[in-house]
Each structure stands twice: as C-alpha cells, then as structure tokens.
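Undergrad: I have a structure I would like to understand better, so I am pasting it below and will then ask my questions one at a time.
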Amino acid sequence: MSRVPPVWPPVEVEPPQRHPDAPEPGTKLGPHYAHCFGCGDAVEHGLHLHTVADEDMTIRAKFTVTEAHQGAPGLAHGGLLACAFDEALGATVGEQLRQPAVTGRLETDFLRPVPVGSTLHIVGHLDGVAGRKVYASAEGRLGAPDGPVALRARALFVTVDLAHFVEHGRAEDLRAIAEDPSLLRNRQHFNINP
Ligand SMILES: CCCCCCCC/C=C\CCCCCCCC(=O)SCCNC(=O)CCNC(=O)[C@H](O)C(C)(C)COP(=O)(O)OP(=O)(O)OC[C@H]1O[C@@H](n2cnc3c(N)ncnc32)[C@H](O)[C@@H]1OP(=O)(O)O
C-alpha cells in the first residue's frame, strides 16, 4: 500500500500568529473542561490527556492507555487513539490562537499497535491558517518522547464564535457552567472549546 502523504496543508496558508495571551512554553495546560472525554478530570475512564505548551507553535501531550481503552485484547482502540489526537490537536490550535475552533476533519495513520499500559507521547504542531480554516498535525511516539512513531494525524479545525456552543450545546450544561465556572478551567480566558 502506498503511504505517500498528500500535500499538507492542502491549501495555501498563512503562518499562524501566536496570540499574545498564548501560554508560555513549559506551561502545563490542564483540562479545558472537567467533563471533556479527552482531558477532563471528572470522566472516570476518559483519556486524561496532559498537555504542555512548547516552543514554535507546538503542544506536547501524554496519554496512558488503560484497560478501559481496549479494542482488541490488550491493545488500544483506534477510535480512542484518534480521540487523543483530536484533543491534542484541538489544544494545539485553541491554545496558540486563543480562539474557539472545532474539528472539521481529522485523518489518522496507525503505524503500530498501542498496548494497554503504554504511554503515547504526542507532539502537535500548528501548521497554518487560511481564513477560518486552521491546519494542524501531530505525531505520537510509543513509551518515550523519542520512542517509535505509532500514529500520525492531520486535522482541519474551523474557528467558530461562542454562539456555536450556545446554539448547539445543551441548555442545562450551559446553565451548570454559568453556575459553576470552575467546570471550565479557571484561567484568564475561559475555555469553552468542546
Ligand atoms: C475566549 C475563548 C478562548 C478559547 C481558547 C481555547 C483553548 C482550548 C484548549 C483546548 C481545546 C479543546 C480541545 C478540544 C478538541 C476536540 C475538538 C472537537 O472534537 S470539536 C467537536 C467535533 N466537531 C464538530 O462538532 C464540528 C461540527 N461541524 C460544524 O459545526 C460545522 O460543519 C463547521 C463549524 C466545522 C463548519 O461550518 P460553517 O457553516 O461554520 O462553515 P463552512 O463554510 O461549512 O466551513 C468553513 C470552511 O471550512 C471548510 N470545511 C469545513 N469542513 C470541512 C471538511 N470536513 N473538510 C474540508 N473542508 C472543510 C469549508 O469548505 C469552508 O471552507 P472555505 O472557507 O469555503 O474555503
């Protein structure tokens, strides 16, 4: 099977501009929403992705595969691995641009099986911006930051305004957040991204 990658980004892009309030390299980012399956503390069997801002439009993330994440016996489910990349790429885009954005398209190459108990080290990079379209890519290495590459992913995020979440979200969840903003991360900007 040919694995020649298509041209990336697929359209002409501008270099991304880091927002003045983007976290400094080395900042631990923490969950953006307690009930987020990718990063939230309140989700017992969630992925609990931990992310750290890095230099040069990059985010580093770690995800440890548990029993609850299996597809085949002892191996991570591919859909959950794609979820980990959605989360890491979403953080790459949202944190650097400090603007809400949702996943429009996500493609994932699975190069090696990922066993239960192993940790995936993901590096996400913001590749370019074309109007509301934001392109980002990531690589996941097994067991260590310099371990073998297990996955690669590329995504298109589309920037949206806050009305997206008000219009499409559930009223009771929005009310709960209004009553207890600590459900979202308590930073200078609140993180409404899904
Ligand atoms: C003060 C705030 C600060 C914030 C800071 C944040 C820090 C955050 C930290 C942490 C981040 C969190 C991490 C979360 C990670 C998880 C993210 C998810 O899983 S998101 C859930 C899944 N995704 C959806 O639910 C989207 C569902 N889709 C939609 O709502 C719409 O389709 C949407 C918004 C994507 C586009 O709809 P339209 O009507 O607004 O715009 P149209 O014109 O259709 O698209 C815009 C452009 O994008 C292209 N486009 C859209 N989808 C495409 C696709 N699938 N493939 C190719 N192009 C696509 C279109 O062709 C168009 O391009 P042309 O401008 O014409 O060149």
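Starting from 1 in every chain, residues are counted up; chains themselves are A, B, ... following the order of the structure tokens, and ligands are numbered from 1 as listed.
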Determine which residues of chain A DSSP labels as strand (DSSP E or B) from the backbone of this structure, then write them out as a PyMOL selection string.
TA: chain A and resi 14+28+33+50-54+58-64+70+75-76+101-110+115+119-130+133-142+149-159+184
Undergrad: Return as a VMD selection string every polymer residue, whether protein, DNA or RNA, with at least one atom no more than 9 Å from an atom of ligand 1; count only C-alpha atoms and all ligand atoms.
TA: chain A and resid 11 22 29 to 33 36 38 to 39 83 to 106 130 to 134 156 to 162 164 168 189 to 194
Undergrad: Select from stretch 43-144 of chain A everything DSSP, run on the backbone, classes as helix (DSSP H, G or I), then give the selection as a list in words.
TA: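 Everything in stretch 43-144 of chain A that counts as helix (DSSP H, G or I) is Glu67, Ala68, His69, Gly78, Gly79, Leu80, Leu81, Ala82, Cys83, Ala84, Phe85, Asp86, Glu87, Ala88, Leu89, Gly90, Ala91, Thr92, Val93, Gly94, Glu95, Gln96 and Leu97 of chain A.
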Undergrad: Atom CA of A:His125 to atom CA of A:Ala155: how many Å, to one decimal?
TA: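 Atom-to-atom, atom CA of A:His125 and atom CA of A:Ala155 are spaced 10.4 Å apart.
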Undergrad: For atom CA of A:Arg112 and atom CA of A:Asp54, quote the distance in Å rounded to one decimal.
TA: 25.6 Å
Undergrad: Excluding same-chain residues fewer than 2 positions from stretch 138-153 of chain A, what lies within 10 Å of it counting only C-alpha atoms, as a PyMOL selection string?
TA: chain A and resi 58-64+78+81-82+84-86+88-89+92+106-115+117-127+136+155
Undergrad: Atoms to include: N, CA and C atoms. Write the selected residues as a tab-separated table (two decimals), in the first residue's frame.
TA:
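And here is the file that came out, result-v1.tsv:
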```tsv
chain	number	residue	atom	x	y	z
A	58	THR	N	3.90	24.61	19.09
A	58	THR	CA	3.85	23.18	19.38
A	58	THR	C	3.25	22.94	20.76
A	59	ILE	N	2.52	21.84	20.87
A	59	ILE	CA	1.99	21.37	22.15
A	59	ILE	C	2.49	19.93	22.34
A	60	ARG	N	2.86	19.59	23.57
A	60	ARG	CA	3.21	18.20	23.87
A	60	ARG	C	2.14	17.62	24.76
A	61	ALA	N	1.74	16.40	24.48
A	61	ALA	CA	0.69	15.77	25.27
A	61	ALA	C	1.07	14.33	25.58
A	62	LYS	N	0.55	13.84	26.73
A	62	LYS	CA	0.80	12.44	27.10
A	62	LYS	C	-0.52	11.77	27.41
A	63	PHE	N	-0.64	10.53	27.00
A	63	PHE	CA	-1.86	9.77	27.22
A	63	PHE	C	-1.47	8.34	27.53
A	64	THR	N	-1.89	7.85	28.70
A	64	THR	CA	-1.58	6.46	29.08
A	64	THR	C	-2.81	5.59	28.85
A	78	GLY	N	-8.61	1.97	18.24
A	78	GLY	CA	-8.16	3.01	17.31
A	78	GLY	C	-8.96	4.29	17.42
A	81	LEU	N	-7.65	6.31	20.19
A	81	LEU	CA	-6.37	6.94	19.83
A	81	LEU	C	-6.64	8.17	18.96
A	82	ALA	N	-7.59	8.05	18.03
A	82	ALA	CA	-7.95	9.21	17.21
A	82	ALA	C	-8.49	10.33	18.10
A	84	ALA	N	-7.59	10.91	21.17
A	84	ALA	CA	-6.43	11.54	21.84
A	84	ALA	C	-5.79	12.58	20.91
A	85	PHE	N	-5.75	12.24	19.63
A	85	PHE	CA	-5.16	13.19	18.67
A	85	PHE	C	-6.08	14.39	18.44
A	86	ASP	N	-7.39	14.14	18.41
A	86	ASP	CA	-8.35	15.25	18.27
A	86	ASP	C	-8.12	16.24	19.41
A	88	ALA	N	-5.39	16.57	21.40
A	88	ALA	CA	-4.07	17.21	21.36
A	88	ALA	C	-4.02	18.28	20.27
A	89	LEU	N	-4.63	17.96	19.12
A	89	LEU	CA	-4.63	18.93	18.02
A	89	LEU	C	-5.53	20.12	18.36
A	92	THR	N	-3.62	22.29	20.55
A	92	THR	CA	-2.58	22.98	19.77
A	92	THR	C	-3.17	24.22	19.11
A	106	LEU	N	-10.48	15.10	10.49
A	106	LEU	CA	-9.34	14.51	11.22
A	106	LEU	C	-8.93	13.22	10.53
A	107	GLU	N	-7.69	13.14	10.12
A	107	GLU	CA	-7.22	11.89	9.49
A	107	GLU	C	-6.08	11.31	10.31
A	108	THR	N	-6.09	10.00	10.45
A	108	THR	CA	-5.13	9.36	11.35
A	108	THR	C	-4.47	8.18	10.66
A	109	ASP	N	-3.16	8.11	10.73
A	109	ASP	CA	-2.42	6.93	10.26
A	109	ASP	C	-1.97	6.15	11.48
A	110	PHE	N	-2.35	4.87	11.51
A	110	PHE	CA	-1.99	3.99	12.63
A	110	PHE	C	-0.81	3.14	12.17
A	111	LEU	N	0.36	3.39	12.75
A	111	LEU	CA	1.57	2.71	12.25
A	111	LEU	C	1.97	1.51	13.11
A	112	ARG	N	1.64	1.55	14.39
A	112	ARG	CA	1.97	0.45	15.31
A	112	ARG	C	0.84	0.28	16.31
A	113	PRO	N	0.60	-0.97	16.76
A	113	PRO	CA	-0.38	-1.15	17.84
A	113	PRO	C	0.11	-0.48	19.12
A	114	VAL	N	-0.84	-0.01	19.92
A	114	VAL	CA	-0.50	0.69	21.16
A	114	VAL	C	-1.03	-0.14	22.34
A	115	PRO	N	-0.15	-0.80	23.11
A	115	PRO	CA	-0.60	-1.70	24.17
A	115	PRO	C	-1.15	-0.98	25.41
A	117	GLY	N	-1.32	0.07	29.07
A	117	GLY	CA	-0.21	0.35	29.99
A	117	GLY	C	0.86	1.22	29.36
A	118	SER	N	0.83	1.36	28.04
A	118	SER	CA	1.87	2.19	27.43
A	118	SER	C	1.42	3.65	27.39
A	119	THR	N	2.40	4.52	27.30
A	119	THR	CA	2.11	5.96	27.22
A	119	THR	C	2.47	6.45	25.84
A	120	LEU	N	1.53	7.20	25.28
A	120	LEU	CA	1.75	7.80	23.97
A	120	LEU	C	2.20	9.24	24.18
A	121	HIS	N	3.31	9.60	23.58
A	121	HIS	CA	3.85	10.97	23.67
A	121	HIS	C	3.51	11.67	22.36
A	122	ILE	N	2.63	12.65	22.45
A	122	ILE	CA	2.11	13.30	21.24
A	122	ILE	C	2.68	14.71	21.13
A	123	VAL	N	3.15	15.04	19.94
A	123	VAL	CA	3.57	16.42	19.67
A	123	VAL	C	2.67	16.98	18.58
A	124	GLY	N	1.96	18.04	18.90
A	124	GLY	CA	1.07	18.66	17.92
A	124	GLY	C	1.67	19.97	17.43
A	125	HIS	N	1.49	20.26	16.17
A	125	HIS	CA	2.06	21.48	15.59
A	125	HIS	C	1.00	22.23	14.79
A	126	LEU	N	0.94	23.53	14.99
A	126	LEU	CA	0.01	24.36	14.24
A	126	LEU	C	0.68	24.73	12.92
A	127	ASP	N	0.09	24.28	11.80
A	127	ASP	CA	0.80	24.37	10.52
A	127	ASP	C	0.46	25.61	9.70
A	136	ALA	N	-3.48	21.63	11.45
A	136	ALA	CA	-2.53	21.19	12.48
A	136	ALA	C	-2.23	19.72	12.26
A	155	ALA	N	-5.26	17.48	10.89
A	155	ALA	CA	-6.63	17.93	11.10
A	155	ALA	C	-6.86	19.33	10.56
```
Undergrad: As an exercise, work out the distance from atom CA of A:Gly40 to atom CA of A:Pro20 in Å and give it to one decimal place.
TA: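 Pair atom CA of A:Gly40 / atom CA of A:Pro20 returns 25.7 Å.
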Undergrad: May I ask which of the residues A:Ala163, A:Val65, A:Met57, A:Leu75 is the closest one to A:Pro23, counting only C-alpha atoms?
TA: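 So, comparing all the options, the nearest one is A:Met57.
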Undergrad: Restricting the calculation to only C-alpha atoms, which member of A:Arg18, A:Glu12, A:Pro181, A:Pro73 is positioned closest to A:Asp56?
TA: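 Selected residue with least distance to A:Asp56: A:Arg18.
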